[in-house]
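Text of query-v7.cif (mmCIF, C-alpha atoms) as supplied:
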```
data_target
#
loop_
_atom_site.label_atom_id
_atom_site.label_comp_id
_atom_site.auth_asym_id
_atom_site.auth_seq_id
_atom_site.Cartn_x
_atom_site.Cartn_y
_atom_site.Cartn_z
CA MET A 1 17.64 4.32 8.68
CA ALA A 2 16.67 1.12 10.45
CA THR A 3 15.10 -1.72 8.48
CA GLY A 4 11.72 -3.09 9.56
CA SER A 5 11.42 -6.80 10.23
CA GLU A 6 8.80 -9.12 8.73
CA SER A 7 7.41 -12.38 10.07
CA ASP A 8 4.56 -14.84 9.49
CA ASP A 9 3.33 -14.54 13.10
CA ASP A 10 0.03 -12.97 14.14
CA PRO A 11 0.63 -9.30 15.05
CA ALA A 12 -1.14 -9.80 18.36
CA ALA A 13 1.57 -12.25 19.36
CA GLU A 14 4.31 -9.63 19.27
CA GLN A 15 5.53 -8.15 22.54
CA GLU A 16 4.37 -4.55 22.92
CA ARG A 17 6.85 -1.85 23.71
CA PRO A 18 4.63 1.13 24.54
CA ALA A 19 5.77 4.66 23.91
CA HIS A 20 4.17 7.44 25.93
CA VAL A 21 2.05 9.85 23.91
CA GLU A 22 2.88 13.29 25.24
CA ARG A 23 0.25 15.99 25.39
CA ARG A 24 2.12 18.78 23.67
CA ARG A 25 2.09 20.80 20.48
CA TRP A 26 2.99 18.98 17.33
CA PRO A 27 6.80 19.21 17.39
CA ARG A 28 6.95 20.08 13.69
CA GLU A 29 3.98 22.46 13.61
CA PRO A 30 5.05 26.12 13.23
CA ALA A 31 4.49 28.22 16.32
CA MET A 32 2.62 30.78 14.21
CA ARG A 33 1.88 31.41 10.59
CA LYS A 34 4.12 33.71 8.64
CA GLU A 35 2.72 37.11 7.78
CA ARG A 36 1.53 37.09 4.17
CA PRO A 37 1.87 40.04 1.80
CA PRO A 38 -1.33 41.87 0.80
CA HIS A 39 -3.29 40.07 -1.94
CA ALA A 40 -1.28 36.87 -1.34
CA SER A 41 -3.17 33.57 -1.47
CA PRO A 42 -4.41 32.39 1.92
CA ALA A 43 -2.62 29.55 3.66
CA LEU A 44 -4.18 26.10 3.80
CA GLU A 45 -6.66 25.58 6.63
CA PRO A 46 -6.24 22.42 8.75
CA LEU A 47 -8.94 19.88 9.59
CA ARG A 48 -8.93 18.83 13.22
CA PHE A 49 -10.13 15.89 15.29
CA SER A 50 -9.45 15.28 18.97
CA THR A 51 -10.88 13.23 21.82
CA GLN A 52 -9.09 15.28 24.46
CA ASP A 53 -12.10 17.34 25.55
CA LEU A 54 -14.55 14.42 25.67
CA PRO A 55 -15.42 12.40 28.81
CA PRO A 56 -13.10 9.35 29.01
CA ALA A 57 -16.00 6.93 28.52
CA GLU A 58 -16.83 8.57 25.14
CA GLN A 59 -13.32 9.01 23.78
CA PHE A 60 -12.81 5.63 22.14
CA GLN A 61 -16.24 5.61 20.51
CA ALA A 62 -15.49 9.04 19.04
CA TRP A 63 -12.22 7.69 17.61
CA ARG A 64 -13.99 4.62 16.27
CA ALA A 65 -16.66 6.72 14.54
CA HIS A 66 -14.02 9.02 13.06
CA MET A 67 -11.97 6.12 11.64
CA ALA A 68 -14.95 3.93 10.60
CA PRO A 69 -14.80 4.65 6.84
CA LEU A 70 -11.16 3.52 6.78
CA VAL A 71 -10.71 0.85 9.47
CA ASP A 72 -12.63 -0.78 12.30
CA VAL A 73 -10.66 -0.04 15.48
CA HIS A 74 -10.64 -1.87 18.82
CA PRO A 75 -8.91 -1.30 22.17
CA PRO A 76 -5.78 -3.32 22.97
CA GLU A 77 -6.24 -6.69 24.66
CA GLY A 78 -7.25 -6.21 28.29
CA LYS A 79 -8.47 -2.63 27.81
CA SER A 80 -12.07 -1.41 27.85
CA PRO A 81 -13.46 1.29 25.53
CA GLU A 82 -14.59 3.12 28.67
CA ASP A 83 -11.04 3.40 30.04
CA GLY A 84 -10.37 6.57 28.05
CA PHE A 85 -8.57 7.01 24.74
CA LEU A 86 -6.57 10.07 23.73
CA ALA A 87 -6.21 10.65 20.00
CA GLU A 88 -5.86 13.65 17.74
CA GLN A 89 -5.40 14.31 14.05
CA ILE A 90 -4.61 17.43 12.05
CA GLY A 91 -5.45 16.98 8.39
CA TRP A 92 -4.21 19.04 5.46
CA GLN A 93 -5.77 18.93 1.99
CA LEU A 94 -3.04 19.20 -0.63
CA GLY A 95 -5.17 18.92 -3.74
CA ASP A 96 -5.78 15.21 -4.28
CA VAL A 97 -3.42 14.30 -1.42
CA LEU A 98 -4.35 14.22 2.27
CA VAL A 99 -1.60 14.68 4.87
CA VAL A 100 -2.52 13.80 8.46
CA GLN A 101 -0.53 14.43 11.62
CA GLN A 102 -1.70 11.76 14.05
CA ARG A 103 -1.13 10.97 17.69
CA ALA A 104 -3.07 8.11 19.28
CA HIS A 105 -3.03 5.65 22.15
CA ALA A 106 -2.47 1.94 21.48
CA HIS A 107 -5.23 0.21 19.51
CA ARG A 108 -5.99 -2.60 17.07
CA TYR A 109 -7.38 -2.08 13.54
CA ILE A 110 -8.81 -4.12 10.69
CA ARG A 111 -9.94 -3.40 7.13
CA ASP A 112 -11.66 -6.57 5.88
CA GLN A 113 -13.24 -7.72 2.63
CA ALA A 114 -16.71 -6.55 3.68
CA MET A 115 -15.39 -3.02 4.29
CA LEU A 116 -13.59 -3.00 0.94
CA ARG A 117 -16.81 -3.91 -0.88
CA SER A 118 -18.63 -0.89 0.58
CA SER A 119 -15.74 1.59 0.54
CA PRO A 120 -14.59 3.90 -2.29
CA ILE A 121 -11.20 4.28 -0.55
CA ASP A 122 -8.40 2.58 -2.52
CA HIS A 123 -5.61 5.07 -1.83
CA TRP A 124 -1.90 4.48 -1.41
CA ASN A 125 -0.82 5.12 2.17
CA VAL A 126 2.60 6.31 3.36
CA ALA A 127 3.16 6.40 7.13
CA LEU A 128 6.22 8.09 8.62
CA GLN A 129 6.45 6.67 12.14
CA ARG A 130 7.58 9.33 14.60
CA SER A 131 7.32 7.28 17.79
CA GLY A 132 6.03 3.90 18.93
CA GLN A 133 5.65 0.74 16.86
CA ALA A 134 3.07 -0.84 14.57
CA TRP A 135 2.49 -4.33 13.21
CA THR A 136 0.44 -4.73 10.02
CA GLU A 137 -0.58 -8.02 8.41
CA VAL A 138 -1.44 -8.38 4.71
CA ASN A 139 -1.90 -11.83 3.15
CA ARG A 140 -0.54 -13.55 6.30
CA ARG A 141 2.69 -11.51 6.22
CA VAL A 142 3.36 -9.19 9.15
CA THR A 143 5.51 -6.08 8.82
CA GLU A 144 6.78 -4.22 11.88
CA THR A 145 7.36 -0.46 11.67
CA ALA A 146 9.52 1.30 14.26
CA ALA A 147 10.16 4.96 15.02
CA GLY A 148 11.95 6.72 12.15
CA GLU A 149 10.76 4.28 9.47
CA ILE A 150 8.41 4.75 6.52
CA PHE A 151 5.69 2.15 5.95
CA PHE A 152 3.97 1.84 2.56
CA MET A 153 0.78 -0.03 1.66
CA SER A 154 -2.35 -0.03 -0.51
CA LEU A 155 -5.74 0.56 1.08
CA GLY A 156 -7.31 -1.43 -1.73
CA SER A 157 -6.45 -4.74 -0.03
CA PRO A 158 -7.62 -6.16 3.31
CA TYR A 159 -5.29 -5.82 6.28
CA ARG A 160 -5.19 -5.85 10.08
CA GLY A 161 -2.75 -4.94 12.80
CA ARG A 162 -2.08 -3.03 15.99
CA THR A 163 0.01 -0.18 17.33
CA THR A 164 1.49 0.94 20.61
CA ASP A 165 1.01 4.58 21.62
CA THR A 166 2.25 6.32 18.47
CA GLU A 167 2.87 9.58 16.70
CA ALA A 168 2.97 9.48 12.90
CA LEU A 169 2.66 11.51 9.72
CA LEU A 170 0.24 9.85 7.29
CA VAL A 171 0.04 10.62 3.58
CA PHE A 172 -2.91 9.36 1.48
CA LEU A 173 -2.50 9.44 -2.32
CA PRO A 174 -5.44 8.48 -4.60
CA TYR A 175 -4.95 5.39 -6.75
CA GLU A 176 -5.33 7.36 -9.98
CA LEU A 177 -2.47 9.72 -9.09
CA LEU A 178 0.08 6.91 -9.34
CA ALA A 179 -1.88 4.53 -11.59
CA ARG A 180 0.89 4.23 -14.18
CA ASP A 181 3.18 2.76 -11.51
CA ALA A 182 0.49 0.60 -9.87
CA SER A 183 2.21 -2.74 -10.56
CA LEU A 184 5.45 -1.51 -9.00
CA LEU A 185 3.69 -0.01 -5.99
CA GLN A 186 1.58 -3.10 -5.36
CA SER A 187 4.68 -5.29 -5.32
CA ALA A 188 6.16 -2.97 -2.67
CA GLY A 189 2.99 -2.99 -0.55
CA ASN A 190 3.11 -3.76 3.18
CA THR A 191 6.78 -2.83 3.22
CA VAL A 192 9.07 -0.60 5.23
CA LEU A 193 10.82 1.51 2.59
CA SER A 194 14.59 1.48 2.84
CA GLY A 195 17.69 2.89 1.20
CA SER A 196 18.68 6.39 0.15
CA HIS A 197 15.35 7.14 -1.55
CA ALA A 198 13.49 6.37 1.67
CA GLU A 199 15.85 8.65 3.59
CA LEU A 200 15.25 11.44 1.07
CA LEU A 201 11.48 10.94 1.38
CA THR A 202 11.75 11.09 5.17
CA GLY A 203 13.66 14.37 4.96
CA TYR A 204 11.19 15.86 2.49
CA LEU A 205 8.12 14.92 4.55
CA THR A 206 9.76 16.25 7.70
CA GLY A 207 10.43 19.59 6.03
CA LEU A 208 6.93 19.64 4.56
CA GLU A 209 5.38 19.02 7.98
CA THR A 210 7.04 22.06 9.50
CA ASN A 211 5.61 24.26 6.72
CA LEU A 212 2.08 22.86 6.36
CA GLY A 213 0.54 25.90 8.04
CA ASN A 214 2.20 28.28 5.57
CA LEU A 215 1.51 26.51 2.26
CA THR A 216 -0.71 28.12 -0.36
CA ILE A 217 -2.85 26.61 -3.11
CA GLU A 218 -0.32 27.68 -5.77
CA GLU A 219 2.44 25.64 -4.12
CA VAL A 220 0.42 22.42 -3.90
CA PRO A 221 0.75 20.95 -7.45
CA ARG A 222 4.56 20.87 -7.34
CA ILE A 223 4.47 19.34 -3.84
CA ILE A 224 2.07 16.62 -4.99
CA GLN A 225 4.33 15.81 -7.96
CA THR A 226 7.40 15.66 -5.72
CA ILE A 227 5.75 13.38 -3.16
CA GLY A 228 4.50 11.06 -5.90
CA ASP A 229 7.89 10.83 -7.59
CA MET A 230 9.68 10.18 -4.31
CA VAL A 231 7.19 7.50 -3.23
CA VAL A 232 7.60 5.66 -6.54
CA ALA A 233 11.40 5.91 -6.28
CA GLY A 234 11.33 4.63 -2.70
CA ALA A 235 9.05 1.75 -3.65
CA ALA A 236 11.27 0.82 -6.60
CA SER A 237 14.34 0.56 -4.38
CA SER A 238 12.44 -1.48 -1.77
CA THR A 239 10.57 -3.90 -4.04
CA ARG A 240 10.90 -7.53 -3.04
CA THR A 241 12.66 -9.66 -5.62
CA ASP A 242 10.21 -12.56 -5.11
CA ALA A 243 7.14 -10.59 -6.27
CA GLY A 244 7.27 -11.33 -9.99
CA GLN A 245 3.83 -12.94 -10.15
CA ASN A 246 2.31 -10.18 -8.04
CA GLN A 247 3.77 -7.58 -10.43
CA ALA A 248 2.19 -9.38 -13.39
CA ASN A 249 -1.19 -9.49 -11.64
CA MET A 250 -1.09 -5.82 -10.71
CA GLY A 251 0.03 -4.87 -14.20
CA LEU A 252 -3.20 -6.49 -15.38
CA MET A 253 -5.17 -4.73 -12.65
CA GLU A 254 -3.68 -1.40 -13.75
CA ARG A 255 -4.83 -2.07 -17.32
CA ALA A 256 -8.30 -2.99 -16.07
CA HIS A 257 -8.57 0.19 -13.98
CA ARG A 258 -7.43 2.33 -16.88
CA TYR A 259 -9.92 0.68 -19.22
CA ILE A 260 -12.77 1.41 -16.81
CA HIS A 261 -11.71 5.04 -16.35
CA VAL A 262 -11.48 5.65 -20.10
CA ASN A 263 -14.80 3.94 -20.85
CA LEU A 264 -16.65 4.85 -17.65
CA HIS A 265 -19.71 6.27 -19.47
CA SER A 266 -19.77 3.77 -22.33
CA GLU A 267 -22.86 1.58 -22.69
CA ASN A 268 -20.51 -1.23 -23.72
CA LEU A 269 -18.59 -1.28 -20.43
CA THR A 270 -19.48 -4.89 -19.55
CA PRO A 271 -17.48 -7.85 -18.23
CA ASP A 272 -17.58 -9.58 -21.63
CA VAL A 273 -16.28 -6.50 -23.46
CA MET A 274 -13.58 -6.00 -20.83
CA CYS A 275 -12.47 -9.62 -21.13
CA ARG A 276 -12.06 -9.27 -24.89
CA ALA A 277 -10.24 -5.92 -24.57
CA LEU A 278 -7.88 -7.20 -21.86
CA GLY A 279 -7.47 -10.70 -23.34
CA ILE A 280 -8.49 -12.55 -20.16
CA SER A 281 -11.24 -14.93 -19.07
CA ARG A 282 -14.32 -13.93 -17.05
CA THR A 283 -12.98 -15.98 -14.15
CA ARG A 284 -9.70 -14.04 -14.20
CA LEU A 285 -11.56 -10.71 -14.37
CA TYR A 286 -13.71 -11.61 -11.37
CA GLN A 287 -10.61 -12.65 -9.42
CA LEU A 288 -9.01 -9.25 -10.05
CA PHE A 289 -12.01 -7.39 -8.63
CA GLU A 290 -12.94 -9.83 -5.87
CA ALA A 291 -11.69 -7.46 -3.15
CA SER A 292 -13.91 -4.69 -4.60
CA GLY A 293 -17.06 -6.80 -4.49
CA GLY A 294 -16.85 -7.71 -8.19
CA VAL A 295 -16.19 -5.81 -11.39
CA LEU A 296 -19.81 -4.63 -11.78
CA ASN A 297 -19.82 -3.28 -8.22
CA TYR A 298 -16.54 -1.44 -8.89
CA ILE A 299 -17.91 0.12 -12.11
CA ARG A 300 -21.15 1.11 -10.37
CA LYS A 301 -19.27 2.74 -7.49
CA ARG A 302 -16.98 4.67 -9.83
CA ARG A 303 -19.95 5.92 -11.85
CA LEU A 304 -21.73 7.07 -8.68
CA LEU A 305 -18.60 8.88 -7.51
CA GLN A 306 -18.37 10.60 -10.89
CA ALA A 307 -22.04 11.55 -10.65
CA TYR A 308 -21.38 12.98 -7.20
CA ALA A 309 -18.52 15.08 -8.57
CA ASP A 310 -20.73 16.28 -11.47
CA LEU A 311 -23.55 17.26 -9.11
CA SER A 312 -21.03 19.06 -6.88
CA ASN A 313 -19.70 21.05 -9.84
CA SER A 314 -21.46 24.44 -9.86
CA ALA A 315 -20.52 24.84 -13.54
CA ASP A 316 -22.37 21.64 -14.53
CA HIS A 317 -25.99 22.61 -15.25
CA ARG A 318 -27.14 19.31 -16.77
CA PRO A 319 -30.46 17.92 -15.50
CA ILE A 320 -30.12 15.23 -12.85
CA SER A 321 -31.75 12.78 -15.25
CA GLU A 322 -28.95 13.34 -17.76
CA ILE A 323 -26.27 12.79 -15.09
CA ALA A 324 -28.12 9.64 -14.04
CA GLU A 325 -28.12 8.36 -17.61
CA ALA A 326 -24.39 9.04 -17.92
CA ALA A 327 -23.92 6.98 -14.74
CA GLY A 328 -25.66 4.03 -16.40
CA PHE A 329 -29.13 4.44 -14.88
CA GLU A 330 -32.00 4.55 -17.37
CA VAL A 331 -34.56 5.09 -14.58
CA ALA A 332 -34.00 8.23 -12.48
CA ALA A 333 -35.65 6.67 -9.43
CA ASN A 334 -33.14 3.81 -9.45
CA PHE A 335 -30.29 6.33 -9.63
CA THR A 336 -31.69 8.28 -6.67
CA ARG A 337 -32.01 5.13 -4.55
CA ALA A 338 -28.47 3.99 -5.37
CA PHE A 339 -27.10 7.47 -4.75
CA ILE A 340 -28.77 7.79 -1.34
CA HIS A 341 -27.56 4.32 -0.37
CA GLU A 342 -23.99 5.23 -1.29
CA PHE A 343 -23.75 8.76 0.13
CA GLY A 344 -26.67 9.23 2.54
CA LEU A 345 -27.94 12.26 0.57
CA SER A 346 -30.10 12.57 -2.53
CA PRO A 347 -28.81 14.06 -5.81
CA ARG A 348 -31.09 17.09 -5.31
CA GLU A 349 -29.69 17.65 -1.80
CA ILE A 350 -26.14 17.67 -3.16
CA ARG A 351 -27.10 20.18 -5.84
CA ARG A 352 -28.91 22.39 -3.30
CA THR A 353 -25.89 22.25 -1.02
CA MET A 354 -23.68 23.45 -3.86
CA ALA A 355 -25.86 26.54 -4.32
CA THR A 356 -24.55 27.86 -0.99
CA GLN A 357 -20.94 26.60 -1.24
CA GLN A 358 -17.89 27.61 -3.27
CA ARG A 359 -16.38 24.13 -3.43
CA PRO A 360 -17.71 20.58 -3.86
CA ALA A 361 -19.25 19.10 -0.74
CA PRO A 362 -17.62 15.96 0.66
CA ALA A 363 -19.39 12.66 0.15
CA ILE A 364 -20.91 12.09 3.59
CA ARG A 365 -22.60 8.80 4.31
CA SER A 366 -24.45 9.97 7.40
CA THR A 367 -24.49 12.60 10.12
CA ARG A 368 -22.26 11.48 12.97
CA ARG A 369 -22.35 12.66 16.53
CA TYR A 370 -18.67 13.54 16.62
CA GLY A 371 -18.45 15.44 13.32
CA LYS A 372 -16.75 14.66 10.05
CA THR A 373 -14.83 11.41 9.65
CA ILE A 374 -11.49 10.67 8.05
CA GLY A 375 -13.53 9.34 5.14
CA ASP A 376 -15.00 12.82 4.70
CA TRP A 377 -11.48 14.28 4.78
CA LEU A 378 -10.46 11.89 1.99
CA ALA A 379 -13.55 12.82 -0.01
CA LEU A 380 -12.62 16.51 0.23
CA THR A 381 -9.32 15.83 -1.57
CA GLY A 382 -10.98 14.21 -4.57
#
```

Can you dump the structure from the file as structure tokens?
Amino acid sequence: MATGSESDDDPAAEQERPAHVERRRWPREPAMRKERPPHASPALEPLRFSTQDLPPAEQFQAWRAHMAPLVDVHPPEGKSPEDGFLAEQIGWQLGDVLVVQQRAHAHRYIRDQAMLRSSPIDHWNVALQRSGQAWTEVNRRVTETAAGEIFFMSLGSPYRGRTTDTEALLVFLPYELLARDASLLQSAGNTVLSGSHAELLTGYLTGLETNLGNLTIEEVPRIIQTIGDMVVAGAASSTRTDAGQNQANMGLMERAHRYIHVNLHSENLTPDVMCRALGISRTRLYQLFEASGGVLNYIRKRRLLQAYADLSNSADHRPISEIAEAAGFEVAANFTRAFIHEFGLSPREIRRTMATQQRPAPAIRSTRRYGKTIGDWLALTG
């Protein structure tokens, strides 16, 4: 497996080596689903997005709207959004993990501090590059990913970059799934994984991709566990030796996240109480959560997400006022306003929606012309 190169240059300064994006079936997608025995669990159903059937002048805007909850995308230098932009994704919900088969023309992308402050997305991201190249910059360090390599990063930090025409398999794992190894994973962020563990992960993901259309719900938990274990092993073997301070910082961040999760509904979940429990100063606490818009903003967002999950749970019959109080809102009207601002729907609308659905509805910020976004796909896995 080739090793990716890193530099301190701006990614836009690199020389592009475009790779043609062929219009064909996904090479690892099964030609047809296997026949299932009677009474067997149904196979997973894919989520699909494509610009192929749109007028060229609308294609890039459709892609931009679809990717907006995750990154702000732009055409390559010298290209106009009206020139046409072919992109397609097939998404698969594996419990809390989202697997996406992606093919897209060259583009630039950025996830900045402002987006982090308004986004609940803090997943780990594994990208198996099938073709083309990508350059991603985090903290002024650029990592190049070539065909056949696996790139690993955290979506909880700002980044920017660009790609040539590419085909890739993307895996999104929620922060909580690998929280106990957060310090190790953060130190391996923005890295091309290497070594035998990376090769094993490549082989496993390749085999998984060919069978996505035939997986059942019962098979998902073991697959999630295997992917998580292999990602941690690959990160451990690829961790930079000069990241000691970063590991210490992320070990503290892991403790802070765990403390918030355990005490999410406590009235005493305040910065002062957290500082005493973690043994750090208020300044240090604020530095840890700066990328999330501050510790209070992070707590508020997590409580709203928990309230959304409670309202989406058909087995939870508590009054909305009680759910609001558990989320830290003494006044129901304030809870409703915050909830609508975060998700674009009122608590009552979520509960009414659940009366006609068998599963929790995704957290949708607004109705978009081109359908559900990748942010909605990620919400479905929660």

Next item on the list: Return the single residue from A:Gly91, A:Pro69, A:Pro319, A:Gly228 that is closest to Asp122 in chain A, with distances computed using all atoms listed in the file.
Entry: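 Of A:Gly91, A:Pro69, A:Pro319, A:Gly228, the one nearest Asp122 in chain A, counting all atoms listed in the file, is A:Pro69.
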
Using the chain letters and numbers from the file, which residues does the PyMOL selection byres ((chain A and resi 119) around 10) grab, as a list of chain:residue names?
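When the PyMOL selection byres ((chain A and resi 119) around 10) is applied, the selected residues are A:Pro69, A:Leu70, A:Gln113, A:Ala114, A:Met115, A:Leu116, A:Arg117, A:Ser118, A:Pro120, A:Ile121, A:Asp122, A:Gly156, A:Ser292, A:Gly293, A:Tyr298, A:Lys301, A:Glu342, A:Gly375.
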
Just-selected residues, C-alpha atoms written as a PDB file, in the frame of the given file:
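Output below, filename again_18.pdb:
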```
ATOM      1  CA  PRO A  69     -14.800   4.650   6.840  1.00  0.00           C
ATOM      2  CA  LEU A  70     -11.160   3.520   6.780  1.00  0.00           C
ATOM      3  CA  GLN A 113     -13.240  -7.720   2.630  1.00  0.00           C
ATOM      4  CA  ALA A 114     -16.710  -6.550   3.680  1.00  0.00           C
ATOM      5  CA  MET A 115     -15.390  -3.020   4.290  1.00  0.00           C
ATOM      6  CA  LEU A 116     -13.590  -3.000   0.940  1.00  0.00           C
ATOM      7  CA  ARG A 117     -16.810  -3.910  -0.880  1.00  0.00           C
ATOM      8  CA  SER A 118     -18.630  -0.890   0.580  1.00  0.00           C
ATOM      9  CA  PRO A 120     -14.590   3.900  -2.290  1.00  0.00           C
ATOM     10  CA  ILE A 121     -11.200   4.280  -0.550  1.00  0.00           C
ATOM     11  CA  ASP A 122      -8.400   2.580  -2.520  1.00  0.00           C
ATOM     12  CA  GLY A 156      -7.310  -1.430  -1.730  1.00  0.00           C
ATOM     13  CA  SER A 292     -13.910  -4.690  -4.600  1.00  0.00           C
ATOM     14  CA  GLY A 293     -17.060  -6.800  -4.490  1.00  0.00           C
ATOM     15  CA  TYR A 298     -16.540  -1.440  -8.890  1.00  0.00           C
ATOM     16  CA  LYS A 301     -19.270   2.740  -7.490  1.00  0.00           C
ATOM     17  CA  GLU A 342     -23.990   5.230  -1.290  1.00  0.00           C
ATOM     18  CA  GLY A 375     -13.530   9.340   5.140  1.00  0.00           C
TER      19      GLY A 375
END
```

Please provide as a list in words all residues within 9 Å of range 200-205 of chain A, with the sequence filter that same-chain residues fewer than 6 positions apart are discarded (counting all atoms listed in the file).
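What passes the distance filter is Leu128, Gly148, Glu149, Ile150, Leu169, Ile227, Met230, Val231 and Gly234 of chain A.
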
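Residues matched by the PyMOL selection byres ((chain A and resi 284) around 12) in this file are Asn249, Leu252, Met253, Ala256, Pro271, Asp272, Met274, Cys275, Arg276, Leu278, Gly279, Ile280, Ser281, Arg282, Thr283, Leu285, Tyr286, Gln287, Leu288, Phe289, Glu290, Gly294 and Val295 of chain A.
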
Between CA of Phe343 in chain A and CA of Arg111 in chain A, distance in Å (one decimal):
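According to the coordinates, CA of Phe343 in chain A and CA of Arg111 in chain A are separated by 19.7 Å.
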
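For the file at hand, the PyMOL selection byres ((chain A and resi 182) around 10) resolves to Trp124, Ser154, Tyr175, Glu176, Leu177, Leu178, Ala179, Arg180, Asp181, Ser183, Leu184, Leu185, Gln186, Ser187, Ala188, Val232, Gln247, Met250, Gly251, Leu252, Met253, Glu254, Arg255 and His257 of chain A.
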
Filtering to C-alpha atoms, could you give me those residues as an mmCIF file, in the coordinates of the input?
```cif
data_model
loop_
_atom_site.group_PDB
_atom_site.id
_atom_site.type_symbol
_atom_site.label_atom_id
_atom_site.label_comp_id
_atom_site.auth_asym_id
_atom_site.auth_seq_id
_atom_site.Cartn_x
_atom_site.Cartn_y
_atom_site.Cartn_z
ATOM 1 C CA TRP A 124 -1.900 4.480 -1.410
ATOM 2 C CA SER A 154 -2.350 -0.030 -0.510
ATOM 3 C CA TYR A 175 -4.950 5.390 -6.750
ATOM 4 C CA GLU A 176 -5.330 7.360 -9.980
ATOM 5 C CA LEU A 177 -2.470 9.720 -9.090
ATOM 6 C CA LEU A 178 0.080 6.910 -9.340
ATOM 7 C CA ALA A 179 -1.880 4.530 -11.590
ATOM 8 C CA ARG A 180 0.890 4.230 -14.180
ATOM 9 C CA ASP A 181 3.180 2.760 -11.510
ATOM 10 C CA SER A 183 2.210 -2.740 -10.560
ATOM 11 C CA LEU A 184 5.450 -1.510 -9.000
ATOM 12 C CA LEU A 185 3.690 -0.010 -5.990
ATOM 13 C CA GLN A 186 1.580 -3.100 -5.360
ATOM 14 C CA SER A 187 4.680 -5.290 -5.320
ATOM 15 C CA ALA A 188 6.160 -2.970 -2.670
ATOM 16 C CA VAL A 232 7.600 5.660 -6.540
ATOM 17 C CA GLN A 247 3.770 -7.580 -10.430
ATOM 18 C CA MET A 250 -1.090 -5.820 -10.710
ATOM 19 C CA GLY A 251 0.030 -4.870 -14.200
ATOM 20 C CA LEU A 252 -3.200 -6.490 -15.380
ATOM 21 C CA MET A 253 -5.170 -4.730 -12.650
ATOM 22 C CA GLU A 254 -3.680 -1.400 -13.750
ATOM 23 C CA ARG A 255 -4.830 -2.070 -17.320
ATOM 24 C CA HIS A 257 -8.570 0.190 -13.980
#
```

Across A:Ile90, A:Leu155, A:Ala43, A:Val138, the smallest distance to Ala168 in chain A, with only C-alpha atoms counted, is shown by A:Ile90

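Distance annotation: of A:Ala57, A:Val100, A:Leu212, A:Ala68, the residue with the minimal separation from Asp112 in chain A is A:Ala68; atom set is all atoms listed in the file.
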
Return as JSON lines the residues of range 67-98 of chain A lying at most 9 Å from range 107-110 of chain A, together with the closest atom-to-atom pair for each and the distance in Å to one decimal, counting all atoms listed in the file, with rows in chain order and ascending residue number.
```
{"residue": "A:Leu70", "atom": "CA", "partner": "A:Ile110", "partner_atom": "CA", "distance": 8.9}
{"residue": "A:Val71", "atom": "CA", "partner": "A:Ile110", "partner_atom": "CA", "distance": 5.5}
{"residue": "A:Asp72", "atom": "CA", "partner": "A:Ile110", "partner_atom": "CA", "distance": 5.3}
{"residue": "A:Val73", "atom": "CA", "partner": "A:Tyr109", "partner_atom": "CA", "distance": 4.3}
{"residue": "A:His74", "atom": "CA", "partner": "A:Arg108", "partner_atom": "CA", "distance": 5.0}
{"residue": "A:Pro75", "atom": "CA", "partner": "A:His107", "partner_atom": "CA", "distance": 4.8}
{"residue": "A:Pro76", "atom": "CA", "partner": "A:His107", "partner_atom": "CA", "distance": 5.0}
{"residue": "A:Glu77", "atom": "CA", "partner": "A:Arg108", "partner_atom": "CA", "distance": 8.6}
```

Would you please work out which residue, of A:Thr191, A:Gln101, A:Asp310, A:Phe172, is nearest to Glu209 in chain A when using all atoms listed in the file?
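Under the stated criterion, the closest residue is A:Gln101.
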
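One finds CA of Asn313 in chain A at 21.5 Å from CA of Ala333 in chain A.
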
Give as an mmCIF file with C-alpha atoms, in the coordinates of the input each residue that has an atom at most 7 Å from (-23.1, 7.8, -20.0) in the file, counting only C-alpha atoms.
```
data_model
loop_
_atom_site.group_PDB
_atom_site.id
_atom_site.type_symbol
_atom_site.label_atom_id
_atom_site.label_comp_id
_atom_site.auth_asym_id
_atom_site.auth_seq_id
_atom_site.Cartn_x
_atom_site.Cartn_y
_atom_site.Cartn_z
ATOM 1 C CA HIS A 265 -19.710 6.270 -19.470
ATOM 2 C CA SER A 266 -19.770 3.770 -22.330
ATOM 3 C CA GLU A 267 -22.860 1.580 -22.690
ATOM 4 C CA GLU A 325 -28.120 8.360 -17.610
ATOM 5 C CA ALA A 326 -24.390 9.040 -17.920
ATOM 6 C CA ALA A 327 -23.920 6.980 -14.740
ATOM 7 C CA GLY A 328 -25.660 4.030 -16.400
#
```

Between A:Arg162, A:Ser238, A:Glu144, A:Glu219, smallest distance to Gly195 in chain A by all atoms listed in the file belongs to A:Ser238

Hey, which of A:His66, A:Arg141, A:Arg351, A:Arg303 ends up closest to Tyr159 in chain A? Count only C-alpha atoms.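 Once distances to Tyr159 in chain A are computed over only C-alpha atoms, the minimum belongs to A:Arg141.
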
Taken to one decimal, the CA of Leu378 in chain A-CA of Asn334 in chain A distance is 26.7 Å

Mind working out the centre and edge lengths of an axis-aligned box for range 165-174 of chain A, all listed atoms inside, 8 Å added to each side, rounded to one decimal in Å and written as JSON?
```
{"center_x": -1.2, "center_y": 8.0, "center_z": 8.5, "size_x": 24.4, "size_y": 22.9, "size_z": 42.2}
```
